[in-house]
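Heads up: the structure comes next, in structure tokens.
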Amino acid sequence: MKTTSQKNTKGLLSKSAQLSSTDTNTAPVAQTVAVKTDSCDGRGNLPPIDTEARKKNRTLPTDKVLAMLQQQDRRLWELAEVVGGRPDSGWIWVSFSEQPAPTVRQTLAQLGFHWNRTRQAWQHPCGQFRLSSAGDPHEKYTSYQPADHITT
């Protein structure tokens with residue numbers, strides 16, 4: 001983040017300007033911090049992601065992640081693709097034709113998914129942490145859509 005000693009659009013001084021100032025009044029500093037904290041959220045009204053739960057979710061096996069995905073948002077479960085491994089294991093990918101809404105991205109992140117820019121998909125390791133491969137995993141492994149394999 002670039003910091004300058006100029007005033008910002010709200011008329012508050014930057015942090016470096018405040019520190020170099022000889023004024024001993026601390027009220028503007030507290031006000032500046034509060035304004036910066038509120039404006040840097042970027043998530044709107046969404047609650048923060050529970051990082052500890054997210055770490056734990058990343059270690060879950062495929063079947064448990066699919067069950068959580070189906071429970072949280074059935075539409076996401078219907079988009080899910082299991083890539084690699086056996087039918088009961090593998091990595092889960094969720095792809096969209098357009099950028100999903102912030103609430104959808106937050107749900108995926110909370111469940112342990114991460115965005116893979118190269119493959120343009122949200123991916124879940126399902127406890128199988130590996131380095132990225134140069135090739136397309138579809139060429140090496142089988143894949144399936146869980147929603148296509150519903151047994152009634």
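Labeling convention for the structure tokens: chains A, B, ... as they appear, residues from 1 per chain, ligands from 1 in order of appearance.
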
> Quick one: residues within 9 Å of segment 73-79 of chain A, only C-alpha atoms counted, chain neighbours fewer than 5 positions away excluded, as a ChimeraX atom specification?
Replying inline: /A:66-68,93-96,104,107-108,145-148

>> If we count only C-alpha atoms and set the cut-off at 12 Å, which residues sit around segment 135-141 of chain A, ignoring sequence neighbours fewer than 4 positions away in its own chain? Please answer as a ChimeraX atom specification.
In response: /A:81-87,89-93,118-119,131

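Excluding Phe129 of chain A itself and any same-chain residue fewer than 3 positions from it, the protein and nucleic acid residues within 10 Å of it, counting only C-alpha atoms, are Arg58, Thr59, Trp91, His124, Pro125, Cys126 and Ser132 of chain A.
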